[in-house]
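*Asks:* If it helps, the file is called start_2.pdb and holds PDB, C-alpha atoms:
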```
ATOM      1  CA  MET A 121      73.672 119.704  88.366
ATOM      2  CA  SER A 122      73.442 121.977  85.351
ATOM      3  CA  THR A 123      76.141 121.485  82.730
ATOM      4  CA  ASP A 124      76.581 125.278  82.678
ATOM      5  CA  THR A 125      78.154 125.156  86.140
ATOM      6  CA  LEU A 126      80.482 122.225  85.428
ATOM      7  CA  ARG A 127      84.185 122.895  85.038
ATOM      8  CA  THR A 128      85.709 122.449  81.586
ATOM      9  CA  MET A 129      89.283 121.851  80.471
ATOM     10  CA  VAL A 130      91.024 123.037  77.321
ATOM     11  CA  PHE A 131      94.344 121.383  76.452
ATOM     12  CA  ASN A 132      97.289 122.609  74.377
ATOM     13  CA  ARG A 133     101.023 121.948  74.194
ATOM     14  CA  GLU A 134     101.897 124.532  76.890
ATOM     15  CA  GLY A 135      99.434 123.197  79.463
ATOM     16  CA  PHE A 136      95.728 123.175  80.131
ATOM     17  CA  ILE A 137      93.126 125.659  81.230
ATOM     18  CA  LEU A 138      90.530 124.778  83.846
ATOM     19  CA  ASN A 139      87.464 126.999  83.490
ATOM     20  CA  ILE A 140      85.448 127.269  86.733
ATOM     21  CA  PRO A 141      82.166 129.021  85.850
ATOM     22  CA  ILE A 142      80.703 129.060  89.348
ATOM     23  CA  LEU A 143      83.705 131.064  90.653
ATOM     24  CA  ASP A 144      84.216 133.053  87.422
ATOM     25  CA  GLU A 145      87.849 131.899  87.398
ATOM     26  CA  ILE A 146      90.279 130.473  84.859
ATOM     27  CA  HIS A 147      93.237 128.379  86.088
ATOM     28  CA  PHE A 148      96.227 127.650  83.862
ATOM     29  CA  PHE A 149      98.461 124.628  84.592
ATOM     30  CA  ALA A 150     101.715 124.348  82.648
ATOM     31  CA  TRP A 151     102.711 120.767  81.818
ATOM     32  CA  ASP A 152     106.193 121.354  83.236
ATOM     33  CA  SER A 153     104.674 122.437  86.583
ATOM     34  CA  ILE A 154     103.110 118.987  87.160
ATOM     35  CA  ASP A 155     105.255 116.705  89.350
ATOM     36  CA  THR A 156     102.739 113.964  90.208
ATOM     37  CA  ILE A 157      99.272 112.819  89.148
ATOM     38  CA  LEU A 158      97.365 110.276  91.261
ATOM     39  CA  TYR A 159      93.982 108.682  90.541
ATOM     40  CA  GLY A 160      91.558 107.285  93.086
ATOM     41  CA  ALA A 161      88.328 107.604  95.027
ATOM     42  CA  GLU A 162      87.247 111.098  95.938
ATOM     43  CA  ILE A 163      87.748 111.871  99.628
ATOM     44  CA  LEU A 164      84.359 113.494 100.335
ATOM     45  CA  TYR A 165      82.026 111.733  97.893
ATOM     46  CA  HIS A 166      83.081 108.092  97.737
ATOM     47  CA  ASP A 167      80.898 107.430  94.676
ATOM     48  CA  HIS A 168      83.171 109.621  92.568
ATOM     49  CA  SER A 169      86.763 109.533  91.380
ATOM     50  CA  GLU A 170      89.377 112.233  91.186
ATOM     51  CA  PHE A 171      92.833 113.082  89.965
ATOM     52  CA  ILE A 172      95.183 114.737  92.420
ATOM     53  CA  MET A 173      97.987 116.790  90.930
ATOM     54  CA  TYR A 174     101.030 117.858  92.882
ATOM     55  CA  LEU A 175     102.655 120.914  91.317
ATOM     56  CA  ASN A 176     106.121 122.461  91.634
ATOM     57  CA  GLN A 177     104.582 125.937  91.194
ATOM     58  CA  PRO A 178     101.045 127.195  91.735
ATOM     59  CA  PRO A 179      98.718 127.569  88.745
ATOM     60  CA  ILE A 180      98.084 130.961  87.176
ATOM     61  CA  ILE A 181      94.608 131.993  88.322
ATOM     62  CA  LYS A 182      92.672 134.816  86.674
ATOM     63  CA  LEU A 183      89.279 136.271  87.418
ATOM     64  CA  LYS A 184      86.937 136.657  84.439
ATOM     65  CA  GLU A 185      86.244 140.199  83.292
ATOM     66  CA  ASN A 186      82.509 140.284  84.111
ATOM     67  CA  ALA A 187      82.712 138.281  87.339
ATOM     68  CA  TRP A 188      79.897 138.369  89.874
ATOM     69  CA  TRP A 189      80.560 140.868  92.689
ATOM     70  CA  LEU A 190      80.913 138.184  95.384
ATOM     71  CA  ASN A 191      83.419 136.237  93.251
ATOM     72  CA  ARG A 192      85.426 139.448  92.751
ATOM     73  CA  LEU A 193      85.481 140.006  96.517
ATOM     74  CA  THR A 194      86.472 136.453  97.497
ATOM     75  CA  PHE A 195      89.070 136.180  94.718
ATOM     76  CA  TRP A 196      91.373 138.631  96.500
ATOM     77  CA  ILE A 197      91.142 136.964  99.912
ATOM     78  CA  LYS A 198      91.656 133.324  98.878
ATOM     79  CA  ASN A 199      94.936 131.417  98.823
ATOM     80  CA  ARG A 200      96.138 131.209  95.214
ATOM     81  CA  LYS A 201      99.412 129.448  96.032
ATOM     82  CA  ASN A 202      98.018 125.930  96.445
ATOM     83  CA  LYS A 203     100.249 123.262  94.855
ATOM     84  CA  LYS A 204      97.880 120.329  95.411
ATOM     85  CA  ILE A 205      94.928 120.337  93.007
ATOM     86  CA  ARG A 206      91.948 117.959  92.923
ATOM     87  CA  ILE A 207      90.026 117.342  89.699
ATOM     88  CA  SER A 208      86.799 115.424  90.383
ATOM     89  CA  ASP A 209      84.627 113.534  87.899
ATOM     90  CA  GLU A 210      81.577 115.067  89.577
ATOM     91  CA  TRP A 211      82.514 118.692  88.865
ATOM     92  CA  ASN A 212      84.534 118.403  85.624
ATOM     93  CA  LYS A 213      82.837 117.855  82.273
ATOM     94  CA  ASP A 214      86.119 116.834  80.556
ATOM     95  CA  PHE A 215      87.312 114.452  83.296
ATOM     96  CA  SER A 216      87.564 111.442  80.972
ATOM     97  CA  ASP A 217      89.709 113.396  78.459
ATOM     98  CA  PHE A 218      92.391 114.273  81.012
ATOM     99  CA  ILE A 219      94.541 111.110  80.715
ATOM    100  CA  GLY A 220      94.491 111.092  76.913
ATOM    101  CA  ASN A 221      95.691 114.668  76.772
ATOM    102  CA  ALA A 222      98.254 114.201  79.543
ATOM    103  CA  LYS A 223      99.728 111.306  77.518
ATOM    104  CA  LYS A 224     100.291 113.666  74.593
ATOM    105  CA  TYR A 225     102.343 116.152  76.600
ATOM    106  CA  LEU A 226     103.882 114.263  79.552
ATOM    107  CA  PRO A 227     106.249 111.277  79.324
ATOM    108  CA  HIS A 228     105.409 107.874  80.848
ATOM    109  CA  VAL A 229     101.762 108.544  81.749
ATOM    110  CA  GLN A 230     100.071 105.305  82.869
ATOM    111  CA  ASP A 231      96.737 104.141  81.446
ATOM    112  CA  ILE A 232      93.833 104.243  83.880
ATOM    113  CA  ASP A 233      90.554 102.371  83.444
ATOM    114  CA  LEU A 234      88.050 105.011  84.534
ATOM    115  CA  ASP A 235      85.195 102.467  84.444
ATOM    116  CA  ASN A 236      86.855  99.994  86.821
ATOM    117  CA  ASP A 237      85.797 100.739  90.392
ATOM    118  CA  LYS A 238      87.711  98.578  92.860
ATOM    119  CA  ARG A 239      85.868 100.098  95.816
ATOM    120  CA  LYS A 240      82.795  98.022  95.019
ATOM    121  CA  GLY A 241      84.415  94.645  95.595
ATOM    122  CA  THR A 242      82.341  91.641  94.474
ATOM    123  CA  LEU A 243      78.877  91.873  92.912
ATOM    124  CA  ILE A 244      76.402  89.808  94.962
ATOM    125  CA  ASN A 245      73.084  90.591  93.269
ATOM    126  CA  ARG A 246      71.856  92.683  90.345
ATOM    127  CA  THR A 247      68.144  93.387  89.782
ATOM    128  CA  LYS A 248      66.510  95.334  86.971
ATOM    129  CA  VAL A 249      63.175  96.935  87.884
ATOM    130  CA  GLU A 250      60.841  98.309  85.178
ATOM    131  CA  LYS A 251      58.456 101.003  86.427
ATOM    132  CA  ASN A 252      56.589 103.735  84.516
ATOM    133  CA  ASN A 253      58.583 103.158  81.312
ATOM    134  CA  ARG A 254      61.845 103.544  83.255
ATOM    135  CA  SER A 255      64.491 100.992  84.125
ATOM    136  CA  VAL A 256      66.273 101.031  87.453
ATOM    137  CA  ILE A 257      69.190  98.704  88.160
ATOM    138  CA  ILE A 258      69.795  97.820  91.792
ATOM    139  CA  GLU A 259      73.180  96.307  92.634
ATOM    140  CA  LYS A 260      74.358  94.834  95.933
ATOM    141  CA  TRP A 261      78.105  94.596  96.478
ATOM    142  CA  LYS A 262      80.327  92.912  99.045
ATOM    143  CA  PRO A 263      82.922  95.611  99.817
ATOM    144  CA  GLU A 264      86.559  94.887  99.182
ATOM    145  CA  ARG A 265      88.593  94.982 102.386
ATOM    146  CA  THR A 266      92.165  96.035 101.908
ATOM    147  CA  THR A 267      94.920  97.713 103.862
ATOM    148  CA  SER A 268      96.738  98.945 100.764
ATOM    149  CA  LEU A 269      96.401 102.455  99.380
ATOM    150  CA  GLN A 270      93.531 102.828  96.910
ATOM    151  CA  TRP A 271      95.399 105.385  94.793
ATOM    152  CA  LYS A 272      97.066 104.667  91.463
ATOM    153  CA  MET A 273     100.131 106.471  90.193
ATOM    154  CA  VAL A 274      99.331 108.030  86.817
ATOM    155  CA  TYR A 275     102.473 110.126  86.424
ATOM    156  CA  ASP A 276     105.469 111.114  88.528
ATOM    157  CA  ARG A 277     108.321 113.241  87.237
ATOM    158  CA  TYR A 278     110.782 111.603  89.694
ATOM    159  CA  SER A 279     109.589 107.961  89.412
ATOM    160  CA  ARG A 280     108.228 107.834  92.960
ATOM    161  CA  SER A 281     105.520 105.450  94.123
ATOM    162  CA  VAL A 282     102.172 106.202  95.769
ATOM    163  CA  GLU A 283     103.698 105.057  99.078
ATOM    164  CA  ASP A 284     106.537 107.581  98.673
ATOM    165  CA  ILE A 285     104.041 110.422  98.184
ATOM    166  CA  TYR A 286     101.914 109.169 101.097
ATOM    167  CA  ASN A 287     104.913 108.991 103.443
ATOM    168  CA  ARG A 288     106.222 112.389 102.321
ATOM    169  CA  ASP A 289     102.911 114.182 102.966
ATOM    170  CA  LYS A 290     101.599 111.906 105.774
ATOM    171  CA  GLY A 291      98.460 111.328 103.710
ATOM    172  CA  ILE A 292      96.946 111.956 100.302
TER     173      ILE A 292
END
```
If you convert what's in this file into structure tokens, what do you get?
*Replies:*
Amino acid sequence: MSTDTLRTMVFNREGFILNIPILDEIHFFAWDSIDTILYGAEILYHDHSEFIMYLNQPPIIKLKENAWWLNRLTFWIKNRKNKKIRISDEWNKDFSDFIGNAKKYLPHVQDIDLDNDKRKGTLINRTKVEKNNRSVIIEKWKPERTTSLQWKMVYDRYSRSVEDIYNRDKGI
């Protein structure tokens, strides 16, 4: 994917701006509108991670001035009142900066190891193959079997647990 189409985030003391080039949109999230931040495996693409934010008010969404005609058309028919936002490491260039900036502006934000992937389980075999001046690493993993929720609580304004959020919404 081209880095020109990746989403970018800009942080300040009022909140952060999520720039979505492919939709020609800018979303503003105020820090005081964030109730909960969870971290875990992305629902659709299990090789990626995501943050899920639950908001107490929808973000402010604006269309860029020179937006493509189709983006201008679909902007007016889409639901802009969504209070559950997903920020994926696949689509967001500044994904790894999110926790550090959230810690500056929100109280009691938990540290998350973005490199630790518990979905893999136990490494069984690792092979490095050299071919045409390129290295390819092949890993085989025994999956971790668990019945617990794979989400981690990063921040919650009301000191709830992941289980509380799961039970409230009947899913994540």
*Asks:* Mind listing whatever residues come within 6 Å of the point (97.5, 111.1, 94.8)? Use only C-alpha atoms, file coordinates, and give them as a VMD selection string.
*Replies:* chain A and resid 158 172 292
*Asks:* Any chance you could work out the residue set of the PyMOL selection byres ((chain A and resi 276) around 10) here, as a list in words?
*Replies:* Ile154, Asp155, Thr156, Ile157, Leu158, Met173, Tyr174, Leu226, Pro227, His228, Val229, Gln230, Met273, Val274, Tyr275, Arg277, Tyr278, Ser279, Arg280, Ser281, Val282 and Ile285 of chain A
*Asks:* Check what the PyMOL selection byres ((chain A and resi 126) around 10) selects in the file above and give those residues as a list in words.
*Replies:* Met121, Ser122, Thr123, Asp124, Thr125, Arg127, Thr128, Asn139, Ile140, Pro141, Ile142, Asp209, Glu210, Trp211, Asn212, Lys213 and Asp214 of chain A
*Asks:* For this file, the PyMOL selection byres ((chain A and resi 179-194) around 10) selects which residues, as number ranges by chain?
*Replies:* A: 137-150, 153-154, 175-178, 195-205
*Asks:* Can you write out the residues you just picked, keeping C-alpha atoms, as a short mmCIF file (atom, residue, chain, number, x, y, z; two decimals), keeping the file's coordinate frame?
*Replies:*
```
data_model
loop_
_atom_site.label_atom_id
_atom_site.label_comp_id
_atom_site.auth_asym_id
_atom_site.auth_seq_id
_atom_site.Cartn_x
_atom_site.Cartn_y
_atom_site.Cartn_z
CA ILE A 137 93.13 125.66 81.23
CA LEU A 138 90.53 124.78 83.85
CA ASN A 139 87.46 127.00 83.49
CA ILE A 140 85.45 127.27 86.73
CA PRO A 141 82.17 129.02 85.85
CA ILE A 142 80.70 129.06 89.35
CA LEU A 143 83.70 131.06 90.65
CA ASP A 144 84.22 133.05 87.42
CA GLU A 145 87.85 131.90 87.40
CA ILE A 146 90.28 130.47 84.86
CA HIS A 147 93.24 128.38 86.09
CA PHE A 148 96.23 127.65 83.86
CA PHE A 149 98.46 124.63 84.59
CA ALA A 150 101.72 124.35 82.65
CA SER A 153 104.67 122.44 86.58
CA ILE A 154 103.11 118.99 87.16
CA LEU A 175 102.66 120.91 91.32
CA ASN A 176 106.12 122.46 91.63
CA GLN A 177 104.58 125.94 91.19
CA PRO A 178 101.04 127.20 91.74
CA PHE A 195 89.07 136.18 94.72
CA TRP A 196 91.37 138.63 96.50
CA ILE A 197 91.14 136.96 99.91
CA LYS A 198 91.66 133.32 98.88
CA ASN A 199 94.94 131.42 98.82
CA ARG A 200 96.14 131.21 95.21
CA LYS A 201 99.41 129.45 96.03
CA ASN A 202 98.02 125.93 96.44
CA LYS A 203 100.25 123.26 94.86
CA LYS A 204 97.88 120.33 95.41
CA ILE A 205 94.93 120.34 93.01
#
```
*Asks:* Report, in Å with one decimal, the straight-line distance from atom CA of A:Asp152 to atom CA of A:Glu134.
*Replies:*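 Between atom CA of A:Asp152 and atom CA of A:Glu134 the gap is 8.3 Å.
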*Asks:* Measure the distance from atom CA of A:Tyr159 to atom CA of A:Glu259 in Å and round it to one decimal.
*Replies:*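 If I compute the distance from atom CA of A:Tyr159 to atom CA of A:Glu259, I get 24.3 Å.
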*Asks:* With distances taken over only C-alpha atoms, which of A:Phe171, A:Trp271, A:Tyr225, A:Phe131 is nearest to A:Arg206?
*Replies:*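 Closest candidate: A:Phe171.
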*Asks:* Expressed in Å to a single decimal, how great is the separation between atom CA of A:Met129 and atom CA of A:Asp167?
*Replies:*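 Going from atom CA of A:Met129 over to atom CA of A:Asp167 covers 21.9 Å.
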*Asks:* Which polymer residues have any atom within 10 Å of an atom of A:Leu234, counting only C-alpha atoms, with same-chain residues fewer than 3 positions away left out, as a list in words?
*Replies:*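 The residues satisfying every condition are Tyr159, Gly160, Ser169, Glu170, Asp209, Phe215, Ser216, Ile219, Asp231 and Asp237 of chain A.
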*Asks:* Neighbouring residues of A:Ile257 were defined as those with any atom within 8 Å, considering only C-alpha atoms; residues of the same chain fewer than 4 positions away were excluded. Please report them as a ChimeraX atom specification.
*Replies:* /A:246-249
*Asks:* Please enclose the listed atoms of stretch 196-204 of chain A in an axis-aligned box, pad each side by 6 Å, and write out the centre and the three edge lengths in Å, rounded to one decimal, as lines of an AutoDock Vina configuration file.
*Replies:*
```
center_x = 95.7
center_y = 129.5
center_z = 97.4
size_x = 21.1
size_y = 30.3
size_z = 17.1
```
*Asks:* Using only C-alpha atoms, pick whichever of A:Lys272, A:Arg133, A:Lys260, A:Lys290 has the shortest atom-to-atom distance to A:Gly241.
*Replies:*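 The shortest atom-to-atom distance to A:Gly241 comes from A:Lys260.
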